[in-house]
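A.B. asks: The structure under discussion is supplied below as structure tokens; questions concerning it will follow.
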Amino acid sequence: MAYVEEIRTVVDDFYDACLHAGKEDGALPDYLVKALRSLEMCLADVLKVMVQCKAKRKRDYLKMIASRSQLTTAVDKCGRDIQRTLSLLNTRLSLYQSSTVNDISVAINTFVEAASAPKPPPPPVLRRPQIFFGRDIEVNDVVTRLVQKAPARIAILGPGGIGKTSIALSALHDVQEQGHYKDACYFVPCDAVVSADDLLAKLAQTLGMVIKGTDMSIEAKVIAYIRSLTCILCLDNFEIPWDAQTVEVEELLAKLTSLPTVGVIITLRGTEYPASTLWTKSPLDVIKPLDFDSAMQTFETISDKSDDYTAKLVEAVDCIPLAVNLLAHLAQIETTASLWKRWEKVHTSMIKRRDRNRATNLDYSIMLSLESPRMSANPSAVSLLSILSMLPDGVQSLRLPDFQDAYDGKIDVVDALTTLKQNALVYVSVDDRLCVLSPIRFSVQASVIPSPDLVQVLEDYYVALAAQEEENTYVNRRMTLLPEVGNIHSVFPYFLSHSDDQEKVIKTIVKFSQSCQNLGVYDTTLLALATPLAKKFGLKIYANCIHTWGFMSLCAFNFDVALVKLNEAFTLHIENQDIKQQAIDLFSIGRVYRFQSKLDEAQEVLKQAMDCYAQVDNTLGRAYCLNELACIYRPIGKLSEAKEALEEALKLHEKNNDPLGQANDLQSLGELYLQLGDLDSAELNLNSALKLHIQVDDILGQAYDLHYIGSVYKHQSQLDKAESMTKEAQMLHIKSNDLLGQGNDLSQLGQIYSLQSQYDKAKKMWDEALEIYQKLDNEHSQANILYHLGSDQLNHSELEEAQKNLSQALSIFESSDKGMLGKANCFQKMGEINLRKSELEAARANADAALELHIKIGDQYGHGSDLRLIGEIDMRQNELDNAWKRFEEALEIQEKSHDLRGKAYSVYMMAHVYKYRIQLTQAEQKYTEAAELFVQAHDRLGQANAMQGLGVVYKLLQKLQKAEEVVKNACQLHVTTGHILGQAYSLSELGDIYMLLHKTSEAETCYHQAFELHSKANDLIGKGNVIHSLAQIHLQRSELNKAEIKFKEALLIHEESGNLMGQANVWVYIGQLHGGRHEMEKARDAYECALRLHRQTGDIIGQGNALQRLGILNTQLGNFESAENFLNSALKFHTEAQEPLGQANDLQKLGKLKARMSKLDQAEANYTKALDMYKQMNDPLGQGNTTFEFGLLHTLRNQGQEAYDCFLKAHDFHSAAKDILGQANDLQRMGQVLLYGLAKPQEAAEKLEEAFKLHTLTGIVPDQLTDLRVMGKAYTQFRDFENSIRVLEKALQMDTELGNVKDQAADMQLLGFAHLQNTQLDQALEYFNKALPLQEVHGTLVDVFQCLFYRGATQWDRGALEEAQEDLFIAIEKCKGAGSVPGQLQVLNLLKTCYTAAGMTDKVETVENSIKALNESPAALPEPVTTTAPPENTPEAEVSTDAPTETAPRAESPVPAS
């Protein structure tokens, strides 16, 4: 109070001093008088508020306490008003002082001759904020507009504290750093500017202007001065003057932004642009909060702290920069843990520093937005904000109409939302919700109390929403409730303490919690709040609360709490004599015991539940108890009892017409049959269960059905299907929030990948599953994972690690009543480890123990495996007759149970017996049979073992060549499976075979291991050859830089060893590498170098190969005569060397040359000769490549069907050769012929889909892009627009990632055409608008014409006639420039169609005359039409690696939809 009085006295004394000096009111400038008057009025308001804060009597004091919130707000407002008014006064006094000093200077300078006035000093250097992360995109956007679109007019919009000022300062700094606007960037803070005059004064002060007393107004002087500059003005916090004096400030801003050499940036709270200014096109997006990583980086940089509490704090404030910054400063002197505790209590009120201003006090910053003139003018906005601030997850846009209806007559929701959006107090989230940022939400909760009537509307709305009726379908409940779970958990505690109908709220919480059980949401917080309050409404509702709490805890695997609550509910229901509810309690308690592996207790309790159900004649309840009992019987080997219980349960559920119960029974029967090895019955029951679960919308039931169907497929060795089903189950378990189910799916995926020998993927799945099981504290499932890991390690001969994991798993299984199957499996694997270690007695003991348990529980798979293991032990002890008997017994069981993998191992062991008995013919048959079974079972390790045994048999039979082939394959299989005992033969030679088969991954593995062997032997030539081979792999993958490094490395090694032939071979491939880069001269030099070296060594074949490469190179360069000479010379050398493969290749290359020369008959003759030679050599790869060339030949002749037949035949050859790339290219060409030549777009799309899959396997991206583009056109032609847009968007994404700008334009154009055909005109226009500027820079004239043509057609369909005509007229001009009469006719015909549809008769006549004139002109002759794919534009490579290129589509005269 004293301070305010003192300020007022100072003002009064100033007035007196002015009067004493002879300066009356008119002597002071108006702007200074206004500032003093404003301060005086502000002080009067302050004194008034201060009087209200003084209590003279006790009742005044009580009244003041009751209204303390309003008084606090008023005091805060007074403080802000004083700060703003004093700041304004200081600014104007500074201006007045400058003017007075200038007047004195002018008076002095009248007596002396003075030079012109000095130029004002340059503005201070603007610096980028030192702590500034995550805003590179926003800053670059501003900088780009300032530099490339000068003079730019940019508005940086967003809520308070979002970092708008920092972005502006950083952008200005970067602009100056780049050499633009040096000494000409002016930063104008508008914090204390409340009018247009104030803004002018602030501008003058910032610019260093001296306002002289001339006839010109201040505005004219400031504008005139700024007009003389080339600069950027940044008006910070522009919302303050704009809100205070909107029209005048907009007019002044318009004058500033009209200056041709002045760029303008404003930062403004809100999302609305000031009017009267033409803002730069492509405006900036509203500034959003930081991403999480940048917010964490900011926090850590300031506080030097980063931990879990840091992450919680950053997430709690929604990554708003100001909030993160202030919290980080608090963390400098306080632990993050204590900060988090404070946040949970007081929220935003703690986020402040010493001063009270927008940069240091979060609540103050938010309050500025809440008290803005626009908010003050719309009380509904504040009311709606108070309601929205109660909803942490906001309002779904699709439910906004319901929300509006609920508040109809109380709040104008649409108008209020407009105001809130203008002030950036709400935003639309990525999942289309209308939300309030958490700091704003908490600040509003603390300062704005919603009216009771508005809260009542909210309560009615959410009570109706949460209390979903049971007959409402699962899908509808999920769609309605799941997005609102967070809001319901937020508002219902408030309703519990404020509602007039508390009983209704409690009942709603119970219903909502029961619905959440099916949604996978098991939060019991609301029940914990409601249950104590439920007591006063009767025993029934209280007991229901406790039971629901217990059952929710059971679903969340919180078994201790579940047991306590369910027993408490059971006691209450006994007291209430409610037998049915007692039965439900007992059933739930039985489930808890089962999950805890307390199977005896579970059986006892479930039988009591069945007795209770019998007392009330509730057969449905008994059915569910029977199903639960079956779940107990199965793991303890009571399979017949389980089957009886399930069959009885199924009958009762059918009798009660309960489809969900039937589905669960069928699912359990499917599991039971799966355990019994009856896979057909298992699959039948599970599919029936799945249909019923789908019928009743039970997502969780469907998930488990799919999981078990996947298990059936796994046992049938249909591993691809098994993987697909299990992944579907996983998605549904995720959707249902069922962690246990997710863990089971991951575990099963691990088993599938292990069977496919994908051990890394298997281990990853098991590790993820183990993490889930540990989180759930599920020891039994953890033991299963340990078992799988141990089995995997056993396959890799990691015996010690395997034994350790299996022992640990066995220990867990032995402590559990339901661990019998796990124990049996562990005993079996430990027996295998004993056998590997030659511990035969221990092996037999473990095998016998496993067999006893597997028989007891009826596990057919385990039973067969145990018999096989015992047979192996017999063999090691030379008891071959016993071993044979065991294998036969095992085989019989495995055939009954469809255990394909087990059957393969039994047959494999029987082959061993034959081999030991020297019965080699029978052994060969059994090994072959075993290998085939292992292939069907996807067991590569078993296949490798069988092939290795077969190789030994062939060796004994003196079939050495066949033995070599088989053992090489076995060796490779052992390498891929990591089985160290199998690697025995020449890895380098095997790698060469795989290279010819295009199995580069396998080849690379061989070469690396071969290199290690060559290095150990110090074999330079071998090392050089392997490095050369590795370089060839990189070359085939188009990894040219890596290939070049390897080739040079090989060349150095060959030079060191003096190996001229090795050097020559390397130079040939270096030439291919340069050819791939289109470095043709370097390629020629490399081939000539190779040719010289081959001549030195007298290598005739090598000379022929080098000449062939020179011929191919000259063909690519168009030097056809030289190419022909080289290829004929190559043919001569290959003929002399009697090298038929080289001759065939030469003839094929000559055929390609003749085709390029348009000598098609000669090309055909050469292809025919080449094909005959490939047939004689029985070379399917050569036949496939040559047949492919025949197809291209027919394409050039416009013989579509003949071309298709050739490509189809080539595909057969490439399939036989296992040439994936060749097959892919064949399918691609078939698709193009079907589309362009045979007009069968649907079949074309199918072929191209296949081609894309195979090209994806090869990793050759250009081929994949060609597939996608042609496929997109095919889908568009037969109007499958969904797939068309899908594949074209994929192509655009890939081209964008690769930076292929020209191809991006083509993709966009194709997407535009697809959307146009689908009458999605806005999307079509968007793509054409994006494509056109790119085509103008990177495309051909035809590309530009097509884009204009289609965009014109789109504009016409949209009703934008002027824009359409403009595009089409420009398209005509493009055609005229290119001399294309058909193009002009195409556009004119479209115009005619459009004008006719629009009824523009005069224009139709004009267009018809133009068409007639063009048709009569000599240039109107028809252009040749191709019936197949467009010709290729790129140089040719090897046939099997050619990548057919794709061009943009021809304009097809689309008829406008209108």
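Identifiers in the structure tokens: chain A, B, ... in order shown; residue index from 1 per chain; ligand index from 1 in order shown.
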Do a neighbour search on Lys643 in chain A at 8 Å with only C-alpha atoms, toss out local chain neighbours closer than 5 positions, and write the hits as a CSV table (one decimal) with N, CA, C and O atoms, in the first residue's frame.
C.D. replies:
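Below is the file result27.csv, written as the result:
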chain,number,residue,atom,x,y,z
A,630,ALA,N,-11.8,-79.1,-16.2
A,630,ALA,CA,-11.1,-79.7,-17.2
A,630,ALA,C,-9.7,-79.1,-17.4
A,630,ALA,O,-8.7,-79.8,-17.7
A,669,LEU,N,-11.5,-78.3,-25.7
A,669,LEU,CA,-11.5,-79.6,-26.4
A,669,LEU,C,-10.3,-79.6,-27.4
A,669,LEU,O,-9.6,-80.6,-27.6
A,672,LEU,N,-7.2,-80.1,-25.7
A,672,LEU,CA,-7.0,-81.5,-25.2
A,672,LEU,C,-6.6,-82.4,-26.4
A,672,LEU,O,-5.7,-83.2,-26.2
A.B. asks: What are the DSSP helix (DSSP H, G or I) residues of range 764-921 of chain A, as a ChimeraX atom specification?
C.D. replies: /A:764-776,779-795,799-814,820-836,840-857,860-876,880-896,900-916,920-921
A.B. asks: Would you kindly return, as a list of chain:residue names, each protein, DNA or RNA residue with an atom no farther than 7 Å from any atom of range 834-849 of chain A, considering only C-alpha atoms and excluding same-chain residues fewer than 4 positions away?
C.D. replies: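 Here the answer would be A:Phe827, A:Gln828, A:Met830, A:Leu853, A:Asp866, A:Leu869, A:Ile870, A:Ile873.
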A.B. asks: Of the candidates A:His1028, A:Lys1152, A:Arg478, A:His1094, which one gets nearest to Asp697 in chain A if we count only C-alpha atoms?
C.D. replies: A:Arg478
A.B. asks: Within 10 Å of Gln130 in chain A, counting only C-alpha atoms, which residues show up once you throw out same-chain ones fewer than 2 positions away? Write them as a ChimeraX atom specification, please.
C.D. replies: /A:127-128,132-133,166,170
A.B. asks: For Met1061 in chain A, work out the shell of residues within 10 Å, counting only C-alpha atoms and skipping chain neighbours fewer than 5 positions away, then give it as JSON, numbers by chain.
C.D. replies: {"A": [1054, 1066, 1067, 1090, 1093, 1094, 1095, 1096, 1097, 1098, 1099, 1102]}
A.B. asks: Since we have the selection now, will you write its residues out, keeping N, CA and C atoms, as a PDB file, in the first residue's frame?
C.D. replies:
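Just written: selection37.pdb:
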ATOM      1  N   HIS A1054      46.706 -60.491 -55.519  1.00  0.00           N
ATOM      2  CA  HIS A1054      47.146 -61.209 -56.717  1.00  0.00           C
ATOM      3  C   HIS A1054      48.471 -60.652 -57.247  1.00  0.00           C
ATOM      4  N   VAL A1066      39.973 -60.088 -62.007  1.00  0.00           N
ATOM      5  CA  VAL A1066      39.536 -58.943 -61.201  1.00  0.00           C
ATOM      6  C   VAL A1066      39.250 -57.743 -62.094  1.00  0.00           C
ATOM      7  N   TRP A1067      40.121 -57.508 -63.106  1.00  0.00           N
ATOM      8  CA  TRP A1067      39.916 -56.351 -63.986  1.00  0.00           C
ATOM      9  C   TRP A1067      38.597 -56.463 -64.758  1.00  0.00           C
ATOM     10  N   ALA A1090      42.300 -56.347 -68.760  1.00  0.00           N
ATOM     11  CA  ALA A1090      42.055 -57.783 -68.575  1.00  0.00           C
ATOM     12  C   ALA A1090      42.453 -58.551 -69.824  1.00  0.00           C
ATOM     13  N   LEU A1093      46.247 -58.998 -70.029  1.00  0.00           N
ATOM     14  CA  LEU A1093      46.750 -59.981 -69.067  1.00  0.00           C
ATOM     15  C   LEU A1093      46.415 -61.404 -69.516  1.00  0.00           C
ATOM     16  N   HIS A1094      45.189 -61.608 -70.034  1.00  0.00           N
ATOM     17  CA  HIS A1094      44.823 -62.941 -70.526  1.00  0.00           C
ATOM     18  C   HIS A1094      45.711 -63.338 -71.708  1.00  0.00           C
ATOM     19  N   ARG A1095      46.061 -62.374 -72.576  1.00  0.00           N
ATOM     20  CA  ARG A1095      46.967 -62.672 -73.692  1.00  0.00           C
ATOM     21  C   ARG A1095      48.350 -63.078 -73.174  1.00  0.00           C
ATOM     22  N   GLN A1096      48.809 -62.409 -72.097  1.00  0.00           N
ATOM     23  CA  GLN A1096      50.132 -62.747 -71.532  1.00  0.00           C
ATOM     24  C   GLN A1096      50.158 -64.183 -71.034  1.00  0.00           C
ATOM     25  N   THR A1097      49.039 -64.619 -70.474  1.00  0.00           N
ATOM     26  CA  THR A1097      48.998 -65.972 -69.914  1.00  0.00           C
ATOM     27  C   THR A1097      48.560 -67.005 -70.952  1.00  0.00           C
ATOM     28  N   GLY A1098      48.170 -66.547 -72.156  1.00  0.00           N
ATOM     29  CA  GLY A1098      47.694 -67.473 -73.177  1.00  0.00           C
ATOM     30  C   GLY A1098      46.343 -68.076 -72.854  1.00  0.00           C
ATOM     31  N   ASP A1099      45.535 -67.370 -72.072  1.00  0.00           N
ATOM     32  CA  ASP A1099      44.223 -67.885 -71.640  1.00  0.00           C
ATOM     33  C   ASP A1099      43.195 -67.537 -72.712  1.00  0.00           C
ATOM     34  N   GLY A1102      39.701 -66.760 -71.263  1.00  0.00           N
ATOM     35  CA  GLY A1102      39.722 -65.445 -70.638  1.00  0.00           C
ATOM     36  C   GLY A1102      39.680 -64.332 -71.662  1.00  0.00           C
TER      37      GLY A1102
END
A.B. asks: Quick one: residues within 12 Å of Asn657 in chain A, only C-alpha atoms counted, chain neighbours fewer than 5 positions away excluded, as JSON, numbers by chain?
C.D. replies: {"A": [619, 620, 623, 650, 651, 652, 662, 663, 692]}
A.B. asks: Could you tell me how far CA of Tyr713 in chain A lies from CA of Trp884 in chain A, in Å and to one decimal?
C.D. replies: 29.5 Å
A.B. asks: For Ala931 in chain A, which of A:His1214, A:Lys48, A:Arg901, A:Arg1156 is the closest residue, counting only C-alpha atoms?
C.D. replies: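 Looking only at the distances to Ala931 in chain A, the closest residue turns out to be A:Arg901.
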A.B. asks: Residues near range 1290-1300 of chain A, anyone? I mean within 8 Å using only C-alpha atoms, not counting same-chain ones fewer than 4 positions away, as a list in words.
C.D. replies: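 Final neighbour list, sorted by chain and number: Leu1265, Leu1268, Arg1269, Arg1286, Gln1304, Asp1307 and Met1308 of chain A.
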A.B. asks: Store the residues picked out above, limited to all heavy atoms, as a PDB file, in the first residue's frame.
C.D. replies:
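The resulting file, out.pdb, is reproduced below:
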ATOM      1  N   LEU A1265      10.448 -50.757 -57.709  1.00  0.00           N
ATOM      2  CA  LEU A1265       9.703 -49.541 -58.033  1.00  0.00           C
ATOM      3  C   LEU A1265       8.958 -49.691 -59.356  1.00  0.00           C
ATOM      4  O   LEU A1265       7.810 -49.253 -59.499  1.00  0.00           O
ATOM      5  CB  LEU A1265      10.656 -48.348 -58.083  1.00  0.00           C
ATOM      6  CG  LEU A1265      11.174 -47.901 -56.711  1.00  0.00           C
ATOM      7  CD1 LEU A1265      12.356 -46.961 -56.849  1.00  0.00           C
ATOM      8  CD2 LEU A1265      10.063 -47.221 -55.929  1.00  0.00           C
ATOM      9  N   LEU A1268       5.870 -51.700 -58.723  1.00  0.00           N
ATOM     10  CA  LEU A1268       4.828 -50.940 -58.019  1.00  0.00           C
ATOM     11  C   LEU A1268       4.106 -49.982 -58.956  1.00  0.00           C
ATOM     12  O   LEU A1268       2.879 -49.851 -58.917  1.00  0.00           O
ATOM     13  CB  LEU A1268       5.458 -50.182 -56.843  1.00  0.00           C
ATOM     14  CG  LEU A1268       5.939 -51.042 -55.668  1.00  0.00           C
ATOM     15  CD1 LEU A1268       6.750 -50.207 -54.693  1.00  0.00           C
ATOM     16  CD2 LEU A1268       4.754 -51.673 -54.939  1.00  0.00           C
ATOM     17  N   ARG A1269       4.866 -49.285 -59.815  1.00  0.00           N
ATOM     18  CA  ARG A1269       4.222 -48.292 -60.684  1.00  0.00           C
ATOM     19  C   ARG A1269       3.304 -48.963 -61.707  1.00  0.00           C
ATOM     20  O   ARG A1269       2.160 -48.525 -61.907  1.00  0.00           O
ATOM     21  CB  ARG A1269       5.289 -47.454 -61.387  1.00  0.00           C
ATOM     22  CG  ARG A1269       6.086 -46.578 -60.438  1.00  0.00           C
ATOM     23  CD  ARG A1269       6.901 -45.548 -61.195  1.00  0.00           C
ATOM     24  NE  ARG A1269       7.870 -44.953 -60.279  1.00  0.00           N
ATOM     25  CZ  ARG A1269       9.155 -45.288 -60.246  1.00  0.00           C
ATOM     26  NH1 ARG A1269       9.630 -46.179 -61.097  1.00  0.00           N
ATOM     27  NH2 ARG A1269       9.981 -44.724 -59.378  1.00  0.00           N
ATOM     28  N   ARG A1286      -2.530 -47.853 -52.657  1.00  0.00           N
ATOM     29  CA  ARG A1286      -1.600 -48.498 -51.721  1.00  0.00           C
ATOM     30  C   ARG A1286      -0.218 -48.684 -52.344  1.00  0.00           C
ATOM     31  O   ARG A1286       0.799 -48.293 -51.769  1.00  0.00           O
ATOM     32  CB  ARG A1286      -2.153 -49.855 -51.276  1.00  0.00           C
ATOM     33  CG  ARG A1286      -1.175 -50.713 -50.487  1.00  0.00           C
ATOM     34  CD  ARG A1286      -1.781 -52.057 -50.112  1.00  0.00           C
ATOM     35  NE  ARG A1286      -2.146 -52.863 -51.244  1.00  0.00           N
ATOM     36  CZ  ARG A1286      -1.291 -53.618 -51.947  1.00  0.00           C
ATOM     37  NH1 ARG A1286      -0.017 -53.671 -51.603  1.00  0.00           N
ATOM     38  NH2 ARG A1286      -1.714 -54.353 -52.977  1.00  0.00           N
ATOM     39  N   GLN A1304       9.702 -39.369 -57.950  1.00  0.00           N
ATOM     40  CA  GLN A1304       8.642 -38.914 -57.038  1.00  0.00           C
ATOM     41  C   GLN A1304       7.542 -38.206 -57.818  1.00  0.00           C
ATOM     42  O   GLN A1304       6.349 -38.387 -57.567  1.00  0.00           O
ATOM     43  CB  GLN A1304       9.216 -37.969 -55.979  1.00  0.00           C
ATOM     44  CG  GLN A1304      10.131 -38.619 -54.956  1.00  0.00           C
ATOM     45  CD  GLN A1304      10.743 -37.597 -54.029  1.00  0.00           C
ATOM     46  OE1 GLN A1304      10.060 -36.734 -53.494  1.00  0.00           O
ATOM     47  NE2 GLN A1304      12.046 -37.671 -53.842  1.00  0.00           N
ATOM     48  N   ASP A1307       5.441 -40.736 -59.534  1.00  0.00           N
ATOM     49  CA  ASP A1307       4.561 -41.402 -58.555  1.00  0.00           C
ATOM     50  C   ASP A1307       3.377 -40.517 -58.197  1.00  0.00           C
ATOM     51  O   ASP A1307       2.231 -40.976 -58.128  1.00  0.00           O
ATOM     52  CB  ASP A1307       5.352 -41.745 -57.290  1.00  0.00           C
ATOM     53  CG  ASP A1307       6.494 -42.699 -57.552  1.00  0.00           C
ATOM     54  OD1 ASP A1307       6.402 -43.483 -58.507  1.00  0.00           O
ATOM     55  OD2 ASP A1307       7.489 -42.641 -56.803  1.00  0.00           O
ATOM     56  N   MET A1308       3.670 -39.242 -57.930  1.00  0.00           N
ATOM     57  CA  MET A1308       2.584 -38.314 -57.565  1.00  0.00           C
ATOM     58  C   MET A1308       1.566 -38.196 -58.697  1.00  0.00           C
ATOM     59  O   MET A1308       0.350 -38.141 -58.475  1.00  0.00           O
ATOM     60  CB  MET A1308       3.155 -36.941 -57.236  1.00  0.00           C
ATOM     61  CG  MET A1308       3.992 -36.894 -55.974  1.00  0.00           C
ATOM     62  SD  MET A1308       4.773 -35.283 -55.781  1.00  0.00           S
ATOM     63  CE  MET A1308       5.775 -35.570 -54.310  1.00  0.00           C
TER      64      MET A1308
END
A.B. asks: DSSP says strand (DSSP E) for which residues of range 182-427 of chain A? Put them as a PDB file with C-alpha atoms, in the first residue's frame?
C.D. replies:
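Dumped everything to out_9.pdb:
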ATOM      1  CA  CYS A 185      17.283  -7.767 -38.061  1.00  0.00           C
ATOM      2  CA  TYR A 186      15.240  -5.881 -35.482  1.00  0.00           C
ATOM      3  CA  PHE A 187      13.618  -7.702 -32.552  1.00  0.00           C
ATOM      4  CA  VAL A 188      10.673  -5.702 -31.158  1.00  0.00           C
ATOM      5  CA  PRO A 189       9.224  -6.993 -27.851  1.00  0.00           C
ATOM      6  CA  CYS A 231      15.519  -5.499 -43.045  1.00  0.00           C
ATOM      7  CA  ILE A 232      13.479  -7.947 -40.992  1.00  0.00           C
ATOM      8  CA  LEU A 233      11.171  -6.821 -38.201  1.00  0.00           C
ATOM      9  CA  CYS A 234      10.268  -9.394 -35.564  1.00  0.00           C
ATOM     10  CA  LEU A 235       7.264  -8.315 -33.485  1.00  0.00           C
ATOM     11  CA  ASP A 236       7.296 -10.568 -30.427  1.00  0.00           C
ATOM     12  CA  VAL A 262      10.928  -5.420 -45.280  1.00  0.00           C
ATOM     13  CA  GLY A 263      10.377  -8.965 -44.006  1.00  0.00           C
ATOM     14  CA  VAL A 264       8.067  -9.311 -41.014  1.00  0.00           C
ATOM     15  CA  ILE A 265       7.820 -12.027 -38.383  1.00  0.00           C
ATOM     16  CA  ILE A 266       5.235 -11.961 -35.622  1.00  0.00           C
ATOM     17  CA  THR A 267       5.004 -14.344 -32.688  1.00  0.00           C
ATOM     18  CA  LEU A 268       1.458 -14.639 -31.413  1.00  0.00           C
ATOM     19  CA  ARG A 269      -0.421 -16.664 -28.831  1.00  0.00           C
ATOM     20  CA  VAL A 395     -13.140 -35.305 -26.328  1.00  0.00           C
ATOM     21  CA  GLN A 396     -13.144 -37.562 -29.356  1.00  0.00           C
ATOM     22  CA  TYR A 427      -5.620 -28.551 -29.776  1.00  0.00           C
TER      23      TYR A 427
END
A.B. asks: Find the residue from A:Tyr908, A:Pro159, A:Tyr273, A:Thr548 that sits nearest to Val426 in chain A; use only C-alpha atoms when measuring.
C.D. replies: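 Closest candidate: A:Pro159.
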A.B. asks: From the set A:Ala201, A:Ile411, A:Leu1341, A:Lys164, which residue has the shortest atom-to-atom contact distance to Leu322 in chain A, counting only C-alpha atoms?
C.D. replies: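 For Leu322 in chain A, the nearest of the given residues is A:Lys164.
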